[in-house]
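Listing of coords_3.pdb, PDB, C-alpha atoms, pLDDT in the B column
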MODEL        1
ATOM      1  CA  MET A   1     -14.901  33.782   2.400  1.00 79.00           C
ATOM      2  CA  ARG A   2     -16.210  31.059   4.707  1.00 83.00           C
ATOM      3  CA  VAL A   3     -16.829  28.769   1.757  1.00 85.00           C
ATOM      4  CA  LEU A   4     -13.254  29.218   0.586  1.00 83.00           C
ATOM      5  CA  PHE A   5     -11.942  28.493   4.077  1.00 82.00           C
ATOM      6  CA  ALA A   6     -14.129  25.388   4.402  1.00 80.00           C
ATOM      7  CA  LEU A   7     -13.071  24.149   0.970  1.00 79.00           C
ATOM      8  CA  ALA A   8      -9.399  24.631   1.793  1.00 79.00           C
ATOM      9  CA  PHE A   9      -9.890  22.900   5.132  1.00 79.00           C
ATOM     10  CA  PHE A  10     -11.588  19.873   3.594  1.00 77.00           C
ATOM     11  CA  MET A  11      -8.849  19.573   0.961  1.00 81.00           C
ATOM     12  CA  ILE A  12      -5.732  20.196   3.041  1.00 86.00           C
ATOM     13  CA  VAL A  13      -6.609  18.172   6.149  1.00 83.00           C
ATOM     14  CA  PRO A  14      -7.138  14.870   4.274  1.00 83.00           C
ATOM     15  CA  PHE A  15      -3.803  15.236   2.495  1.00 86.00           C
ATOM     16  CA  ILE A  16      -2.074  15.846   5.810  1.00 88.00           C
ATOM     17  CA  LEU A  17      -3.819  12.788   7.269  1.00 85.00           C
ATOM     18  CA  PHE A  18      -2.787  10.685   4.247  1.00 87.00           C
ATOM     19  CA  PHE A  19       0.831  11.734   4.705  1.00 89.00           C
ATOM     20  CA  ILE A  20       0.728  10.956   8.438  1.00 88.00           C
ATOM     21  CA  GLU A  21      -0.860   7.573   7.701  1.00 87.00           C
ATOM     22  CA  TYR A  22       1.836   6.777   5.141  1.00 88.00           C
ATOM     23  CA  ARG A  23       4.648   7.685   7.558  1.00 89.00           C
ATOM     24  CA  LEU A  24       3.088   5.684  10.412  1.00 87.00           C
ATOM     25  CA  ALA A  25       2.578   2.647   8.186  1.00 87.00           C
ATOM     26  CA  LYS A  26       6.135   2.939   6.897  1.00 87.00           C
ATOM     27  CA  ILE A  27       7.590   2.751  10.427  1.00 89.00           C
ATOM     28  CA  GLN A  28       5.040   0.042  11.295  1.00 83.00           C
ATOM     29  CA  SER A  29       3.507   1.963  14.162  1.00 81.00           C
ATOM     30  CA  ARG A  30       0.399   0.694  15.902  1.00 82.00           C
ATOM     31  CA  MET A  31      -1.161   4.129  15.397  1.00 82.00           C
ATOM     32  CA  ALA A  32      -1.208   3.397  11.654  1.00 82.00           C
ATOM     33  CA  ILE A  33      -4.264   1.192  12.146  1.00 82.00           C
ATOM     34  CA  ILE A  34      -5.804   3.165  15.014  1.00 85.00           C
ATOM     35  CA  LEU A  35      -5.831   6.514  13.164  1.00 83.00           C
ATOM     36  CA  PRO A  36      -8.203   5.399  10.354  1.00 84.00           C
ATOM     37  CA  VAL A  37     -10.532   3.821  12.909  1.00 83.00           C
ATOM     38  CA  VAL A  38     -10.720   7.085  14.843  1.00 84.00           C
ATOM     39  CA  ILE A  39     -11.338   9.003  11.623  1.00 82.00           C
ATOM     40  CA  LEU A  40     -14.066   6.519  10.690  1.00 81.00           C
ATOM     41  CA  CYS A  41     -15.766   7.192  14.025  1.00 83.00           C
ATOM     42  CA  PHE A  42     -15.987  10.864  13.035  1.00 80.00           C
ATOM     43  CA  ALA A  43     -17.836   9.776   9.888  1.00 78.00           C
ATOM     44  CA  VAL A  44     -20.987   9.646  11.996  1.00 78.00           C
ATOM     45  CA  ILE A  45     -20.783  13.432  12.309  1.00 81.00           C
ATOM     46  CA  VAL A  46     -19.454  14.268   8.827  1.00 76.00           C
ATOM     47  CA  PRO A  47     -20.187  11.566   6.217  1.00 78.00           C
ATOM     48  CA  MET A  48     -17.492  12.948   3.863  1.00 75.00           C
ATOM     49  CA  VAL A  49     -14.883  11.819   6.387  1.00 77.00           C
ATOM     50  CA  ALA A  50     -15.713   8.171   5.655  1.00 81.00           C
ATOM     51  CA  ILE A  51     -14.019   8.460   2.269  1.00 82.00           C
ATOM     52  CA  THR A  52     -10.889   9.804   3.958  1.00 81.00           C
ATOM     53  CA  SER A  53     -10.854   6.892   6.368  1.00 82.00           C
ATOM     54  CA  ILE A  54     -11.265   4.341   3.592  1.00 84.00           C
ATOM     55  CA  ILE A  55      -8.375   5.878   1.677  1.00 86.00           C
ATOM     56  CA  MET A  56      -6.257   5.761   4.846  1.00 85.00           C
ATOM     57  CA  PHE A  57      -7.002   2.043   5.229  1.00 87.00           C
ATOM     58  CA  VAL A  58      -5.953   1.516   1.614  1.00 89.00           C
ATOM     59  CA  ILE A  59      -2.700   3.398   2.196  1.00 88.00           C
ATOM     60  CA  TYR A  60      -2.002   1.278   5.263  1.00 87.00           C
ATOM     61  CA  TYR A  61      -2.579  -2.025   3.492  1.00 89.00           C
ATOM     62  CA  VAL A  62      -0.632  -1.041   0.370  1.00 90.00           C
ATOM     63  CA  VAL A  63       2.381  -0.035   2.447  1.00 89.00           C
ATOM     64  CA  LYS A  64       2.122  -3.262   4.469  1.00 88.00           C
ATOM     65  CA  TYR A  65       1.906  -5.319   1.257  1.00 89.00           C
ATOM     66  CA  LEU A  66       4.919  -3.583  -0.284  1.00 88.00           C
ATOM     67  CA  GLU A  67       6.970  -4.063   2.890  1.00 87.00           C
ATOM     68  CA  LYS A  68       6.008  -7.752   2.951  1.00 86.00           C
ATOM     69  CA  GLU A  69       7.064  -8.182  -0.684  1.00 86.00           C
ATOM     70  CA  LYS A  70      10.366  -6.455   0.071  1.00 84.00           C
ATOM     71  CA  GLN A  71      11.013  -8.753   3.047  1.00 83.00           C
ATOM     72  CA  GLU A  72      10.198 -11.873   0.998  1.00 82.00           C
ATOM     73  CA  LYS A  73      12.569 -10.754  -1.732  1.00 81.00           C
ATOM     74  CA  LEU A  74      15.345 -10.184   0.815  1.00 78.00           C
ATOM     75  CA  THR A  75      14.671 -13.586   2.376  1.00 80.00           C
ATOM     76  CA  GLU A  76      14.936 -15.284  -1.009  1.00 75.00           C
ATOM     77  CA  LEU A  77      18.176 -13.442  -1.695  1.00 71.00           C
ATOM     78  CA  GLU A  78      19.609 -14.544   1.652  1.00 75.00           C
ATOM     79  CA  LYS A  79      18.636 -18.157   0.917  1.00 74.00           C
ATOM     80  CA  MET A  80      20.384 -17.993  -2.444  1.00 72.00           C
ATOM     81  CA  ASN A  81      23.486 -16.516  -0.816  1.00 71.00           C
ATOM     82  CA  ILE A  82      23.568 -19.350   1.735  1.00 68.00           C
ATOM     83  CA  GLN A  83      23.182 -21.929  -1.059  1.00 68.00           C
ATOM     84  CA  ASP A  84      26.095 -20.318  -2.932  1.00 64.00           C
ATOM     85  CA  LEU A  85      28.294 -20.724   0.152  1.00 65.00           C
ATOM     86  CA  ASP A  86      27.594 -24.470   0.323  1.00 59.00           C
TER      87      ASP A  86
ENDMDL
END
Take the structure from the file and write it as structure tokens.
Amino acid sequence: MRVLFALAFFMIVPFILFFIEYRLAKIQSRMAIILPVVILCFAVIVPMVAITSIIMFVIYYVVKYLEKEKQEKLTELEKMNIQDLD
């Protein structure tokens, strides 16, 4: 029974953390970068947590990259609209 509980805990908690990281990165919160660092500090106690932290960093940077690409595309579109007005 304890093994089942521990297995569920170590599977559900990372998914919840990934979702929280995604939402924080999406709204561009400062906690989006602090949360993986805090999780990485816990990796000293439980080495398996290091993988979770690395995945959270990846989520953060992918969301940032996609938002940057979206902004650049909008900027290009605005430039083209201004050129059409001239």
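With distances taken over all atoms listed in the file, A:Met11 is the one residue among A:Ile27, A:Met11, A:Ile20, A:Leu4 lying closest to A:Met48.
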- Output of the PyMOL selection byres ((chain A and resi 24) around 12), listed as a list in words: Leu17, Phe18, Phe19, Ile20, Glu21, Tyr22, Arg23, Ala25, Lys26, Ile27, Gln28, Ser29, Arg30, Met31, Ala32, Ile33, Ile34, Leu35, Pro36, Met56, Phe57, Ile59, Tyr60, Tyr61, Val63 and Lys64 of chain A
Name all residues at most 9 Å from stretch 40-42 of chain A (count only C-alpha atoms; drop same-chain ones fewer than 3 positions away) and give them as an mmCIF file with C-alpha atoms, in the coordinates of the input.
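Written output follows (part_37.cif):
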data_model
loop_
_atom_site.group_PDB
_atom_site.id
_atom_site.type_symbol
_atom_site.label_atom_id
_atom_site.label_comp_id
_atom_site.auth_asym_id
_atom_site.auth_seq_id
_atom_site.Cartn_x
_atom_site.Cartn_y
_atom_site.Cartn_z
ATOM 1 C CA LEU A 35 -5.831 6.514 13.164
ATOM 2 C CA PRO A 36 -8.203 5.399 10.354
ATOM 3 C CA VAL A 37 -10.532 3.821 12.909
ATOM 4 C CA ILE A 45 -20.783 13.432 12.309
ATOM 5 C CA VAL A 46 -19.454 14.268 8.827
ATOM 6 C CA PRO A 47 -20.187 11.566 6.217
ATOM 7 C CA VAL A 49 -14.883 11.819 6.387
ATOM 8 C CA ALA A 50 -15.713 8.171 5.655
ATOM 9 C CA ILE A 51 -14.019 8.460 2.269
ATOM 10 C CA THR A 52 -10.889 9.804 3.958
ATOM 11 C CA SER A 53 -10.854 6.892 6.368
ATOM 12 C CA ILE A 54 -11.265 4.341 3.592
#
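Put simply, atom CA of A:Val38 is 13.6 Å away from atom CA of A:Pro14.
Of note, atom CA of A:Met80 and atom CA of A:Lys68 are spaced 18.5 Å apart.
Interatomic distance, atom CA of A:Phe15 against atom CA of A:Gln71: 28.2 Å.
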Since the input is missing atoms for stretch 19-40 of chain A, could you rebuild it with N, CA and C atoms and give the result as an mmCIF file, in the frame of the given file?
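File produced: out.cif:
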data_model
loop_
_atom_site.group_PDB
_atom_site.id
_atom_site.type_symbol
_atom_site.label_atom_id
_atom_site.label_comp_id
_atom_site.auth_asym_id
_atom_site.auth_seq_id
_atom_site.Cartn_x
_atom_site.Cartn_y
_atom_site.Cartn_z
ATOM 1 N N PHE A 19 -0.614 11.738 4.517
ATOM 2 C CA PHE A 19 0.831 11.734 4.705
ATOM 3 C C PHE A 19 1.202 11.132 6.058
ATOM 4 N N ILE A 20 0.471 11.511 7.103
ATOM 5 C CA ILE A 20 0.728 10.956 8.438
ATOM 6 C C ILE A 20 0.497 9.453 8.433
ATOM 7 N N GLU A 21 -0.563 9.003 7.777
ATOM 8 C CA GLU A 21 -0.860 7.573 7.701
ATOM 9 C C GLU A 21 0.262 6.821 6.976
ATOM 10 N N TYR A 22 0.748 7.401 5.891
ATOM 11 C CA TYR A 22 1.836 6.777 5.141
ATOM 12 C C TYR A 22 3.087 6.654 6.010
ATOM 13 N N ARG A 23 3.445 7.712 6.711
ATOM 14 C CA ARG A 23 4.648 7.685 7.558
ATOM 15 C C ARG A 23 4.493 6.675 8.695
ATOM 16 N N LEU A 24 3.316 6.636 9.324
ATOM 17 C CA LEU A 24 3.088 5.684 10.412
ATOM 18 C C LEU A 24 3.133 4.241 9.910
ATOM 19 N N ALA A 25 2.551 3.997 8.751
ATOM 20 C CA ALA A 25 2.578 2.647 8.186
ATOM 21 C C ALA A 25 4.000 2.256 7.793
ATOM 22 N N LYS A 26 4.761 3.211 7.319
ATOM 23 C CA LYS A 26 6.135 2.939 6.897
ATOM 24 C C LYS A 26 7.002 2.518 8.083
ATOM 25 N N ILE A 27 6.797 3.126 9.253
ATOM 26 C CA ILE A 27 7.590 2.751 10.427
ATOM 27 C C ILE A 27 6.906 1.639 11.225
ATOM 28 N N GLN A 28 5.791 1.143 10.705
ATOM 29 C CA GLN A 28 5.040 0.042 11.295
ATOM 30 C C GLN A 28 4.576 0.356 12.719
ATOM 31 N N SER A 29 4.037 1.542 12.873
ATOM 32 C CA SER A 29 3.507 1.963 14.162
ATOM 33 C C SER A 29 2.106 1.403 14.359
ATOM 34 N N ARG A 30 1.737 1.175 15.594
ATOM 35 C CA ARG A 30 0.399 0.694 15.902
ATOM 36 C C ARG A 30 -0.650 1.768 15.623
ATOM 37 N N MET A 31 -0.238 3.022 15.682
ATOM 38 C CA MET A 31 -1.161 4.129 15.397
ATOM 39 C C MET A 31 -1.595 4.134 13.936
ATOM 40 N N ALA A 32 -0.865 3.435 13.073
ATOM 41 C CA ALA A 32 -1.208 3.397 11.654
ATOM 42 C C ALA A 32 -2.551 2.723 11.430
ATOM 43 N N ILE A 33 -2.954 1.840 12.280
ATOM 44 C CA ILE A 33 -4.264 1.192 12.146
ATOM 45 C C ILE A 33 -5.309 1.878 13.031
ATOM 46 N N ILE A 34 -4.873 2.499 14.102
ATOM 47 C CA ILE A 34 -5.804 3.165 15.014
ATOM 48 C C ILE A 34 -6.315 4.473 14.414
ATOM 49 N N LEU A 35 -5.446 5.213 13.726
ATOM 50 C CA LEU A 35 -5.831 6.514 13.164
ATOM 51 C C LEU A 35 -7.012 6.417 12.197
ATOM 52 N N PRO A 36 -7.022 5.486 11.230
ATOM 53 C CA PRO A 36 -8.203 5.399 10.354
ATOM 54 C C PRO A 36 -9.478 5.009 11.094
ATOM 55 N N VAL A 37 -9.347 4.208 12.135
ATOM 56 C CA VAL A 37 -10.532 3.821 12.909
ATOM 57 C C VAL A 37 -11.119 5.043 13.621
ATOM 58 N N VAL A 38 -10.253 5.872 14.171
ATOM 59 C CA VAL A 38 -10.720 7.085 14.843
ATOM 60 C C VAL A 38 -11.382 8.017 13.828
ATOM 61 N N ILE A 39 -10.763 8.152 12.667
ATOM 62 C CA ILE A 39 -11.338 9.003 11.623
ATOM 63 C C ILE A 39 -12.693 8.451 11.177
ATOM 64 N N LEU A 40 -12.799 7.131 11.082
ATOM 65 C CA LEU A 40 -14.066 6.519 10.690
ATOM 66 C C LEU A 40 -15.157 6.780 11.724
#
